[in-house]
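Participant: Coordinates in start-v2.cif, mmCIF, C-alpha atoms and all ligand atoms, are listed below.
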data_final
loop_
_atom_site.label_atom_id
_atom_site.label_comp_id
_atom_site.auth_asym_id
_atom_site.auth_seq_id
_atom_site.Cartn_x
_atom_site.Cartn_y
_atom_site.Cartn_z
CA MET A 1410 0.27 -12.54 21.69
CA SER A 1411 2.38 -11.77 24.78
CA SER A 1412 1.42 -8.88 27.04
CA SER A 1413 4.46 -6.82 25.96
CA GLN A 1414 3.49 -7.25 22.31
CA ALA A 1415 -0.05 -6.20 23.12
CA LYS A 1416 1.23 -3.11 24.93
CA ASP A 1417 3.43 -2.15 21.98
CA ALA A 1418 0.83 -2.82 19.30
CA ILE A 1419 0.01 0.14 17.10
CA ARG A 1420 -3.42 1.42 18.04
CA ILE A 1421 -5.46 3.60 15.74
CA HIS A 1422 -7.30 6.37 17.55
CA ASP A 1423 -9.18 7.53 14.52
CA ALA A 1424 -9.27 6.85 10.79
CA ARG A 1425 -11.61 8.57 8.41
CA PHE A 1426 -12.13 9.35 4.76
CA LEU A 1427 -10.92 12.83 3.90
CA ALA A 1428 -11.08 13.47 0.17
CA SER A 1429 -11.12 11.97 -3.28
CA ALA A 1430 -9.76 13.49 -6.49
CA ASN A 1431 -8.89 12.64 -10.07
CA ALA A 1432 -5.73 14.73 -10.07
CA VAL A 1433 -3.21 16.03 -7.55
CA GLU A 1434 -4.66 19.55 -7.93
CA GLY A 1435 -8.03 18.28 -6.71
CA LEU A 1436 -6.69 17.12 -3.35
CA PRO A 1437 -6.64 19.33 -0.26
CA PRO A 1438 -3.21 20.75 0.60
CA PRO A 1439 -1.01 18.31 2.54
CA GLY A 1440 -1.84 18.21 6.25
CA TYR A 1441 0.34 15.44 7.64
CA ALA A 1442 3.06 13.12 6.38
CA GLU A 1443 1.53 11.13 3.55
CA VAL A 1444 1.93 7.45 2.81
CA ALA A 1445 0.76 6.20 -0.60
CA PHE A 1446 -0.20 2.63 -1.50
CA ALA A 1447 0.58 1.55 -5.05
CA GLY A 1448 0.46 -1.70 -6.97
CA LYS A 1449 -1.14 -3.71 -9.69
CA SER A 1450 -4.90 -3.68 -9.93
CA ASN A 1451 -6.63 -6.11 -7.54
CA VAL A 1452 -3.41 -6.90 -5.67
CA GLY A 1453 -5.00 -5.93 -2.36
CA LYS A 1454 -4.01 -2.28 -1.75
CA SER A 1455 -7.32 -1.16 -0.28
CA SER A 1456 -7.59 -4.32 1.85
CA LEU A 1457 -4.08 -3.72 3.17
CA ILE A 1458 -5.03 -0.19 4.24
CA ASN A 1459 -8.10 -1.49 6.06
CA ALA A 1460 -5.94 -4.11 7.81
CA LEU A 1461 -3.30 -1.55 8.84
CA LEU A 1462 -6.06 0.65 10.22
CA SER A 1463 -7.92 -2.24 11.87
CA ARG A 1464 -11.06 -1.16 10.04
CA ARG A 1465 -13.07 -3.64 8.08
CA LYS A 1466 -14.79 -1.36 5.64
CA LEU A 1467 -13.26 2.10 5.69
CA VAL A 1468 -11.77 1.63 2.24
CA ARG A 1469 -13.88 0.01 -0.44
CA THR A 1470 -12.49 -3.27 -1.80
CA SER A 1471 -13.72 -5.58 -4.52
CA SER A 1472 -12.88 -8.83 -6.24
CA THR A 1473 -13.38 -6.99 -9.55
CA PRO A 1474 -10.18 -5.26 -10.69
CA GLY A 1475 -10.33 -1.49 -11.11
CA CYS A 1476 -12.26 -0.83 -7.90
CA THR A 1477 -10.22 2.21 -6.87
CA ARG A 1478 -10.34 4.76 -9.70
CA ALA A 1479 -9.37 7.99 -7.95
CA LEU A 1480 -6.82 9.23 -5.44
CA ASN A 1481 -8.47 8.61 -2.06
CA LEU A 1482 -7.15 10.30 1.04
CA PHE A 1483 -7.69 9.00 4.59
CA ARG A 1484 -6.70 10.76 7.79
CA VAL A 1485 -5.14 8.45 10.36
CA GLU A 1486 -4.58 9.38 13.98
CA LEU A 1487 -2.38 7.37 16.31
CA GLY A 1488 -1.88 8.47 19.90
CA ASP A 1489 1.06 10.72 19.15
CA ALA A 1490 1.19 11.06 15.38
CA SER A 1491 -1.10 11.67 12.43
CA PHE A 1492 -0.78 10.59 8.82
CA ASP A 1493 -2.66 10.85 5.61
CA PHE A 1494 -2.92 7.56 3.72
CA VAL A 1495 -3.44 7.74 -0.02
CA ASP A 1496 -5.05 4.78 -1.77
CA LEU A 1497 -3.99 4.84 -5.42
CA PRO A 1498 -5.80 3.22 -8.34
CA GLY A 1499 -4.17 0.00 -9.50
CA TYR A 1500 -2.07 -0.16 -12.63
CA GLY A 1501 -2.12 -2.80 -15.34
CA TYR A 1502 -5.89 -3.04 -15.45
CA ALA A 1503 -6.56 -4.56 -18.88
CA LYS A 1504 -9.99 -3.02 -19.41
CA ARG A 1505 -8.70 0.52 -19.33
CA SER A 1506 -7.68 2.45 -22.43
CA LYS A 1507 -4.27 1.68 -23.90
CA SER A 1508 -2.70 4.96 -22.80
CA GLU A 1509 -3.87 4.35 -19.24
CA ARG A 1510 -2.34 0.89 -19.33
CA MET A 1511 1.04 2.01 -20.64
CA ALA A 1512 2.61 2.56 -17.29
CA TRP A 1513 0.82 3.41 -14.09
CA GLY A 1514 -0.92 6.40 -15.62
CA PRO A 1515 -0.45 10.18 -15.51
CA MET A 1516 -2.61 10.62 -12.41
CA ILE A 1517 -0.44 8.32 -10.29
CA GLU A 1518 2.78 9.59 -11.82
CA GLY A 1519 1.76 13.21 -11.18
CA PHE A 1520 0.91 12.40 -7.59
CA LEU A 1521 4.14 10.51 -6.91
CA GLN A 1522 6.27 13.18 -8.51
CA HIS A 1523 4.66 16.38 -7.30
CA ARG A 1524 2.83 15.80 -4.04
CA VAL A 1525 4.90 17.69 -1.47
CA GLY A 1526 3.47 15.89 1.58
CA LEU A 1527 4.43 12.43 0.31
CA ARG A 1528 6.97 10.71 2.59
CA CYS A 1529 6.78 7.06 1.69
CA VAL A 1530 5.30 4.80 -0.98
CA ILE A 1531 4.22 1.28 -0.12
CA VAL A 1532 4.55 -0.86 -3.25
CA ILE A 1533 2.40 -3.95 -3.00
CA VAL A 1534 2.80 -7.20 -4.94
CA ASP A 1535 1.02 -10.54 -4.76
CA VAL A 1536 3.34 -13.02 -3.04
CA ARG A 1537 2.24 -15.73 -5.50
CA ARG A 1538 2.95 -13.66 -8.59
CA GLY A 1539 6.13 -11.84 -7.62
CA ILE A 1540 7.41 -8.61 -9.08
CA THR A 1541 6.03 -7.68 -12.49
CA ASP A 1542 7.73 -5.42 -15.03
CA GLU A 1543 5.41 -2.61 -14.00
CA ASP A 1544 6.28 -3.05 -10.32
CA ARG A 1545 9.95 -2.90 -11.21
CA GLN A 1546 9.41 0.22 -13.33
CA LEU A 1547 7.58 1.83 -10.45
CA LEU A 1548 10.36 1.00 -7.95
CA GLU A 1549 12.97 2.38 -10.35
CA PHE A 1550 10.91 5.50 -10.94
CA LEU A 1551 10.58 6.07 -7.19
CA GLU A 1552 14.29 5.66 -6.69
CA HIS A 1553 14.94 8.04 -9.59
CA ILE A 1554 12.77 10.79 -8.09
CA GLY A 1555 14.14 10.16 -4.59
CA ARG A 1556 11.03 8.76 -2.92
CA ASP A 1557 11.32 6.23 -0.10
CA ALA A 1558 9.63 2.94 -0.94
CA LEU A 1559 8.70 -0.13 1.08
CA LEU A 1560 7.96 -3.37 -0.76
CA VAL A 1561 5.13 -5.53 0.56
CA ALA A 1562 4.12 -9.02 -0.59
CA THR A 1563 0.49 -9.57 0.33
CA LYS A 1564 -1.99 -12.47 0.23
CA LEU A 1565 0.51 -14.56 2.19
CA ASP A 1566 -2.44 -16.63 3.49
CA LYS A 1567 -2.86 -18.04 -0.03
CA LEU A 1568 0.42 -19.94 0.32
CA PRO A 1569 0.85 -23.00 2.56
CA ARG A 1570 2.76 -22.06 5.70
CA ASN A 1571 5.97 -23.87 4.68
CA LYS A 1572 6.09 -22.01 1.34
CA ARG A 1573 5.85 -18.51 2.79
CA LYS A 1574 9.43 -17.89 3.96
CA PRO A 1575 11.03 -19.26 0.77
CA ALA A 1576 8.66 -17.16 -1.38
CA LEU A 1577 9.56 -13.99 0.52
CA ALA A 1578 13.29 -14.80 0.34
CA LYS A 1579 13.01 -15.31 -3.43
CA LEU A 1580 11.22 -11.99 -3.82
CA GLU A 1581 13.90 -10.23 -1.77
CA ARG A 1582 16.59 -11.63 -4.05
CA GLU A 1583 14.68 -10.51 -7.15
CA ALA A 1584 13.96 -7.05 -5.81
CA GLY A 1585 17.30 -6.45 -4.10
CA MET A 1586 15.47 -4.95 -1.14
CA ARG A 1587 13.64 -6.03 2.00
CA VAL A 1588 10.17 -7.45 1.44
CA TYR A 1589 7.47 -7.26 4.10
CA GLY A 1590 5.12 -10.24 4.11
CA PHE A 1591 1.45 -9.42 4.71
CA SER A 1592 -2.01 -10.89 4.73
CA ALA A 1593 -5.08 -8.69 5.01
CA ALA A 1594 -7.21 -11.80 5.38
CA GLU A 1595 -5.27 -13.14 8.39
CA GLY A 1596 -3.84 -9.87 9.72
CA LEU A 1597 -0.26 -11.10 9.25
CA GLY A 1598 2.62 -8.63 9.11
CA ARG A 1599 0.73 -5.61 10.42
CA GLU A 1600 3.14 -4.65 13.21
CA PRO A 1601 6.42 -4.95 11.24
CA LEU A 1602 4.93 -2.91 8.40
CA TRP A 1603 3.71 -0.22 10.79
CA ARG A 1604 7.18 -0.05 12.40
CA ALA A 1605 8.84 0.31 9.00
CA LEU A 1606 6.31 2.93 8.01
CA LEU A 1607 6.91 4.96 11.17
CA LYS A 1608 10.64 4.77 10.57
CA ALA A 1609 10.36 5.75 6.92
CA THR A 1610 8.22 8.75 7.73
CA ALA A 1611 10.54 9.62 10.65
CA ILE A 1612 7.65 9.69 13.09
CA GLY A 1613 7.98 7.58 16.20
CA SER A 1614 11.14 5.96 17.49
N1 LIG A 1701 -6.97 -14.15 0.63
C1 LIG A 1701 -6.71 -12.85 0.59
N2 LIG A 1701 -7.45 -12.05 -0.21
C2 LIG A 1701 -7.15 -10.73 -0.25
C3 LIG A 1701 -6.10 -10.16 0.53
N3 LIG A 1701 -6.04 -8.84 0.25
C4 LIG A 1701 -7.02 -8.60 -0.64
N4 LIG A 1701 -7.70 -9.72 -0.96
C5 LIG A 1701 -8.82 -9.84 -1.90
O1 LIG A 1701 -8.38 -9.40 -3.18
C6 LIG A 1701 -9.39 -8.67 -3.86
C7 LIG A 1701 -8.90 -7.27 -4.22
O2 LIG A 1701 -8.67 -6.53 -3.05
P1 LIG A 1701 -8.62 -4.93 -3.05
O3 LIG A 1701 -8.11 -4.53 -1.71
O4 LIG A 1701 -9.91 -4.33 -3.51
O5 LIG A 1701 -7.49 -4.68 -4.15
P2 LIG A 1701 -6.97 -3.30 -4.77
O6 LIG A 1701 -5.51 -3.50 -5.03
O7 LIG A 1701 -7.35 -2.16 -3.92
O8 LIG A 1701 -7.77 -3.29 -6.16
P3 LIG A 1701 -8.02 -2.04 -7.17
O9 LIG A 1701 -8.54 -0.89 -6.35
O10 LIG A 1701 -9.04 -2.59 -8.10
O11 LIG A 1701 -6.72 -1.76 -7.82
C8 LIG A 1701 -10.60 -8.66 -2.91
O12 LIG A 1701 -11.47 -9.71 -3.29
C9 LIG A 1701 -9.98 -8.92 -1.55
O13 LIG A 1701 -10.87 -9.54 -0.64
C10 LIG A 1701 -5.34 -11.05 1.37
O14 LIG A 1701 -4.40 -10.67 2.09
N5 LIG A 1701 -5.69 -12.36 1.36
MG MG A 1702 -8.40 -0.48 -4.37
#
Take the structure I supplied and represent it as structure tokens, if you would.
Ligand SMILES: Nc1nc2c(ncn2[C@@H]2O[C@H](COP(=O)(O)OP(=O)(O)OP(=O)(O)O)[C@@H](O)[C@H]2O)c(=O)[nH]1
Ligand SMILES: [Mg+2]

Facilitator:
Amino acid sequence: MSSSQAKDAIRIHDARFLASANAVEGLPPPGYAEVAFAGKSNVGKSSLINALLSRRKLVRTSSTPGCTRALNLFRVELGDASFDFVDLPGYGYAKRSKSERMAWGPMIEGFLQHRVGLRCVIVIVDVRRGITDEDRQLLEFLEHIGRDALLVATKLDKLPRNKRKPALAKLEREAGMRVYGFSAAEGLGREPLWRALLKATAIGS
């Protein structure tokens, strides 16, 4: 990393767990601009949050799908801006009841539709699996309700280096929008995603 990159790197002053709830009504009132992380179960949402925050274990992760079951709120402080990050339960988890599996569930839908502090939704897919029907439904739903979305393809480290760019380009064609490559395991893509996030929430330059 060059010295100018190091100087510009996003540094987290503080990141801490704030609250957990099973419905929007159970969350504290919005404090700062909120960024939510959504995606299929086990895709790597919680790991991505830890990587963005440079914390190894702030958010609980697991190789067993269905690890995150509630809406979990984390307060994030940069030098000159604060955010609340919301880790959402994954959708498409086969062991849940049928009604829960139908789409992404009433809890997530309620949050996405009604949470007034929400500024941006990060939709996460597995770079090896691409965009599923549910991911597409979610992106269409977000567009329909006027929410800004950023699409992230994670687990990039699972692909050989020469397959990464073509896989991201293919995903961009399929999605019709920019795709941010990421790897929580290798810390790839952290800075570009932070920049996009700051822009989408209109905080920072
Ligand atoms: N190799 C690799 N593994 C990852 C990456 N991100 C997550 N994982 C692994 O994938 C599994 C699921 O990660 P989580 O972050 O718990 O996924 P999640 O989307 O929060 O899962 P749910 O809360 O169950 O919906 C864990 O075993 C992680 O270690 C990545 O970038 N690379
Ligand atoms: Mg999780």

Participant: May I have the centre and edge lengths, in Å to one decimal, of an axis-aligned box around the listed atoms of ligand LIG 1701 (chain A) with 5 Å added to every side, as AutoDock Vina command-line options?

Facilitator:
--center_x -7.9 --center_y -7.5 --center_z -3.0 --size_x 17.1 --size_y 23.3 --size_z 20.2

Participant: Using only C-alpha atoms, which protein or nucleic acid residues come within 8 Å of region 1587-1598 of chain A? Drop anything in the same chain fewer than 4 positions from it, and give the result as a list of chain:residue names.

Facilitator: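 Selected residues are A:Gly1453, A:Ser1456, A:Leu1457, A:Asn1459, A:Ala1460, A:Val1536, A:Leu1559, A:Leu1560, A:Val1561, A:Ala1562, A:Thr1563, A:Lys1564, A:Leu1565, A:Asp1566, A:Leu1577, A:Leu1580, A:Glu1581, A:Leu1602.
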
Participant: Rank A:Gly1448, A:Gly1440, A:Gly1499, A:Gly1519 by their smallest atom-to-atom distance to ligand LIG 1701 (chain A), using all atoms listed in the file, and report the top residue only.

Facilitator: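 Of the candidates, the smallest distance to ligand LIG 1701 (chain A) is held by A:Gly1499.
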
Participant: Could I get the residue neighbourhood of ligand MG 1702 (chain A) at 9 Å, counting only C-alpha atoms and all ligand atoms, as a ChimeraX atom specification?

Facilitator: /A:1450-1456,1468-1471,1474-1478,1496-1499

Participant: Counting all atoms listed in the file, figure out which residue out of A:His1553, A:Lys1574, A:Arg1420, A:Lys1449 gets nearest to ligand LIG 1701 (chain A).

Facilitator: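 Once distances to ligand LIG 1701 (chain A) are computed over all atoms listed in the file, the minimum belongs to A:Lys1449.
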
Participant: Expressed in Å to a single decimal, how great is the separation between CA of Leu1568 (chain A) and CA of Leu1462 (chain A)?

Facilitator: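 CA of Leu1462 (chain A) lies 23.7 Å from CA of Leu1568 (chain A).
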
Participant: At what distance in Å, to one decimal, does CA of Glu1443 (chain A) lie from CA of Val1485 (chain A)?

Facilitator: 9.9 Å

Participant: May I ask for the distance between CA of Phe1426 (chain A) and CA of Arg1464 (chain A), given in Å to one decimal place?

Facilitator: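 Here the two named atoms are 11.8 Å from each other.
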
Participant: Using only C-alpha atoms, which of A:Tyr1441, A:Phe1520, A:Pro1575, A:Tyr1500 sits nearest Glu1543 (chain A)?

Facilitator: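 For Glu1543 (chain A), the nearest of the candidates is A:Tyr1500.
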
Participant: Find, counting only C-alpha atoms and all ligand atoms, the residue in A:Ala1445, A:Ile1554, A:Val1534, A:Ala1611 that gets nearest to ligand LIG 1701 (chain A).

Facilitator: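 Going through A:Ala1445, A:Ile1554, A:Val1534, A:Ala1611 one by one, the smallest distance to ligand LIG 1701 (chain A) is for A:Val1534.
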
Participant: Which residue out of A:Gly1539, A:Gly1488, A:Gly1585, A:Gly1501 has the minimum interatomic distance to ligand LIG 1701 (chain A) when all atoms listed in the file are used?

Facilitator: A:Gly1501

Participant: Can you list, as a PyMOL selection string, every protein, DNA or RNA residue that comes within 12 Å of Glu1549 (chain A) when you count only C-alpha atoms, leaving out same-chain residues fewer than 5 positions away?

Facilitator: chain A and resi 1532+1542-1544+1554-1558+1584-1585

Participant: Need to verify the contact set: Asp1423 (chain A), 8 Å, only C-alpha atoms, exclusion of same-chain residues closer than 5 positions in sequence. Can you return it as JSON, numbers by chain?

Facilitator: {"A": [1484, 1485, 1486, 1487]}

Participant: Check the smallest atom-to-atom distance from each of A:Val1495, A:Ala1442, A:Ala1428, A:Leu1436 to ligand LIG 1701 (chain A) using all atoms listed in the file, then report the winner.

Facilitator: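 Checking each candidate against ligand LIG 1701 (chain A), we get A:Val1495 as the closest.
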
Participant: Could you model N, CA and C atoms for region 1556-1590 of chain A and present them as a PDB file, keeping the file's coordinate frame?

Facilitator:
ATOM      1  N   ARG A1556      12.091   9.074  -3.891  1.00  0.00           N
ATOM      2  CA  ARG A1556      11.030   8.760  -2.920  1.00  0.00           C
ATOM      3  C   ARG A1556      11.370   7.468  -2.181  1.00  0.00           C
ATOM      4  N   ASP A1557      11.158   7.455  -0.879  1.00  0.00           N
ATOM      5  CA  ASP A1557      11.320   6.230  -0.100  1.00  0.00           C
ATOM      6  C   ASP A1557      10.232   5.230  -0.459  1.00  0.00           C
ATOM      7  N   ALA A1558      10.623   3.971  -0.634  1.00  0.00           N
ATOM      8  CA  ALA A1558       9.630   2.940  -0.940  1.00  0.00           C
ATOM      9  C   ALA A1558       9.797   1.749  -0.006  1.00  0.00           C
ATOM     10  N   LEU A1559       8.685   1.138   0.341  1.00  0.00           N
ATOM     11  CA  LEU A1559       8.700  -0.130   1.080  1.00  0.00           C
ATOM     12  C   LEU A1559       7.977  -1.146   0.202  1.00  0.00           C
ATOM     13  N   LEU A1560       8.562  -2.334   0.084  1.00  0.00           N
ATOM     14  CA  LEU A1560       7.960  -3.370  -0.760  1.00  0.00           C
ATOM     15  C   LEU A1560       7.232  -4.392   0.115  1.00  0.00           C
ATOM     16  N   VAL A1561       5.967  -4.615  -0.222  1.00  0.00           N
ATOM     17  CA  VAL A1561       5.130  -5.530   0.560  1.00  0.00           C
ATOM     18  C   VAL A1561       4.613  -6.645  -0.343  1.00  0.00           C
ATOM     19  N   ALA A1562       4.723  -7.894   0.128  1.00  0.00           N
ATOM     20  CA  ALA A1562       4.120  -9.020  -0.590  1.00  0.00           C
ATOM     21  C   ALA A1562       2.891  -9.457   0.193  1.00  0.00           C
ATOM     22  N   THR A1563       1.727  -9.279  -0.403  1.00  0.00           N
ATOM     23  CA  THR A1563       0.490  -9.570   0.330  1.00  0.00           C
ATOM     24  C   THR A1563      -0.144 -10.886  -0.122  1.00  0.00           C
ATOM     25  N   LYS A1564      -1.269 -11.217   0.482  1.00  0.00           N
ATOM     26  CA  LYS A1564      -1.990 -12.470   0.230  1.00  0.00           C
ATOM     27  C   LYS A1564      -1.158 -13.698   0.635  1.00  0.00           C
ATOM     28  N   LEU A1565      -0.335 -13.492   1.672  1.00  0.00           N
ATOM     29  CA  LEU A1565       0.510 -14.560   2.190  1.00  0.00           C
ATOM     30  C   LEU A1565      -0.324 -15.777   2.610  1.00  0.00           C
ATOM     31  N   ASP A1566      -1.555 -15.526   3.054  1.00  0.00           N
ATOM     32  CA  ASP A1566      -2.440 -16.630   3.490  1.00  0.00           C
ATOM     33  C   ASP A1566      -2.763 -17.591   2.360  1.00  0.00           C
ATOM     34  N   LYS A1567      -2.552 -17.172   1.114  1.00  0.00           N
ATOM     35  CA  LYS A1567      -2.860 -18.040  -0.030  1.00  0.00           C
ATOM     36  C   LYS A1567      -1.788 -19.104  -0.253  1.00  0.00           C
ATOM     37  N   LEU A1568      -0.654 -18.935   0.428  1.00  0.00           N
ATOM     38  CA  LEU A1568       0.420 -19.940   0.320  1.00  0.00           C
ATOM     39  C   LEU A1568       0.390 -20.844   1.550  1.00  0.00           C
ATOM     40  N   PRO A1569       0.708 -22.136   1.381  1.00  0.00           N
ATOM     41  CA  PRO A1569       0.850 -23.000   2.560  1.00  0.00           C
ATOM     42  C   PRO A1569       1.961 -22.437   3.458  1.00  0.00           C
ATOM     43  N   ARG A1570       1.821 -22.648   4.749  1.00  0.00           N
ATOM     44  CA  ARG A1570       2.760 -22.060   5.700  1.00  0.00           C
ATOM     45  C   ARG A1570       4.235 -22.320   5.356  1.00  0.00           C
ATOM     46  N   ASN A1571       4.555 -23.540   4.928  1.00  0.00           N
ATOM     47  CA  ASN A1571       5.970 -23.870   4.680  1.00  0.00           C
ATOM     48  C   ASN A1571       6.509 -23.253   3.383  1.00  0.00           C
ATOM     49  N   LYS A1572       5.639 -22.640   2.591  1.00  0.00           N
ATOM     50  CA  LYS A1572       6.090 -22.010   1.340  1.00  0.00           C
ATOM     51  C   LYS A1572       6.273 -20.496   1.502  1.00  0.00           C
ATOM     52  N   ARG A1573       5.877 -19.964   2.645  1.00  0.00           N
ATOM     53  CA  ARG A1573       5.850 -18.510   2.790  1.00  0.00           C
ATOM     54  C   ARG A1573       7.256 -17.896   2.875  1.00  0.00           C
ATOM     55  N   LYS A1574       8.078 -18.427   3.792  1.00  0.00           N
ATOM     56  CA  LYS A1574       9.430 -17.890   3.960  1.00  0.00           C
ATOM     57  C   LYS A1574      10.242 -17.983   2.673  1.00  0.00           C
ATOM     58  N   PRO A1575      10.261 -19.168   2.019  1.00  0.00           N
ATOM     59  CA  PRO A1575      11.030 -19.260   0.770  1.00  0.00           C
ATOM     60  C   PRO A1575      10.522 -18.285  -0.301  1.00  0.00           C
ATOM     61  N   ALA A1576       9.203 -18.086  -0.370  1.00  0.00           N
ATOM     62  CA  ALA A1576       8.660 -17.160  -1.380  1.00  0.00           C
ATOM     63  C   ALA A1576       9.117 -15.732  -1.100  1.00  0.00           C
ATOM     64  N   LEU A1577       9.131 -15.351   0.176  1.00  0.00           N
ATOM     65  CA  LEU A1577       9.560 -13.990   0.520  1.00  0.00           C
ATOM     66  C   LEU A1577      11.060 -13.818   0.260  1.00  0.00           C
ATOM     67  N   ALA A1578      11.832 -14.865   0.563  1.00  0.00           N
ATOM     68  CA  ALA A1578      13.290 -14.800   0.340  1.00  0.00           C
ATOM     69  C   ALA A1578      13.578 -14.659  -1.160  1.00  0.00           C
ATOM     70  N   LYS A1579      12.821 -15.380  -1.973  1.00  0.00           N
ATOM     71  CA  LYS A1579      13.010 -15.310  -3.430  1.00  0.00           C
ATOM     72  C   LYS A1579      12.694 -13.904  -3.939  1.00  0.00           C
ATOM     73  N   LEU A1580      11.600 -13.345  -3.427  1.00  0.00           N
ATOM     74  CA  LEU A1580      11.220 -11.990  -3.820  1.00  0.00           C
ATOM     75  C   LEU A1580      12.287 -10.968  -3.417  1.00  0.00           C
ATOM     76  N   GLU A1581      12.856 -11.160  -2.233  1.00  0.00           N
ATOM     77  CA  GLU A1581      13.900 -10.230  -1.770  1.00  0.00           C
ATOM     78  C   GLU A1581      15.113 -10.282  -2.686  1.00  0.00           C
ATOM     79  N   ARG A1582      15.445 -11.493  -3.127  1.00  0.00           N
ATOM     80  CA  ARG A1582      16.590 -11.630  -4.050  1.00  0.00           C
ATOM     81  C   ARG A1582      16.279 -10.926  -5.367  1.00  0.00           C
ATOM     82  N   GLU A1583      15.072 -11.127  -5.875  1.00  0.00           N
ATOM     83  CA  GLU A1583      14.680 -10.510  -7.150  1.00  0.00           C
ATOM     84  C   GLU A1583      14.649  -8.993  -7.067  1.00  0.00           C
ATOM     85  N   ALA A1584      14.148  -8.503  -5.942  1.00  0.00           N
ATOM     86  CA  ALA A1584      13.960  -7.050  -5.810  1.00  0.00           C
ATOM     87  C   ALA A1584      15.227  -6.353  -5.343  1.00  0.00           C
ATOM     88  N   GLY A1585      16.104  -7.081  -4.658  1.00  0.00           N
ATOM     89  CA  GLY A1585      17.300  -6.450  -4.100  1.00  0.00           C
ATOM     90  C   GLY A1585      16.953  -5.507  -2.957  1.00  0.00           C
ATOM     91  N   MET A1586      15.836  -5.751  -2.307  1.00  0.00           N
ATOM     92  CA  MET A1586      15.470  -4.950  -1.140  1.00  0.00           C
ATOM     93  C   MET A1586      14.611  -5.793  -0.189  1.00  0.00           C
ATOM     94  N   ARG A1587      14.435  -5.298   1.009  1.00  0.00           N
ATOM     95  CA  ARG A1587      13.640  -6.030   2.000  1.00  0.00           C
ATOM     96  C   ARG A1587      12.187  -6.120   1.523  1.00  0.00           C
ATOM     97  N   VAL A1588      11.579  -7.263   1.782  1.00  0.00           N
ATOM     98  CA  VAL A1588      10.170  -7.450   1.440  1.00  0.00           C
ATOM     99  C   VAL A1588       9.396  -7.760   2.720  1.00  0.00           C
ATOM    100  N   TYR A1589       8.317  -7.040   2.929  1.00  0.00           N
ATOM    101  CA  TYR A1589       7.470  -7.260   4.100  1.00  0.00           C
ATOM    102  C   TYR A1589       6.302  -8.163   3.717  1.00  0.00           C
ATOM    103  N   GLY A1590       6.228  -9.326   4.366  1.00  0.00           N
ATOM    104  CA  GLY A1590       5.120 -10.240   4.110  1.00  0.00           C
ATOM    105  C   GLY A1590       3.857  -9.737   4.801  1.00  0.00           C
TER     106      GLY A1590
END
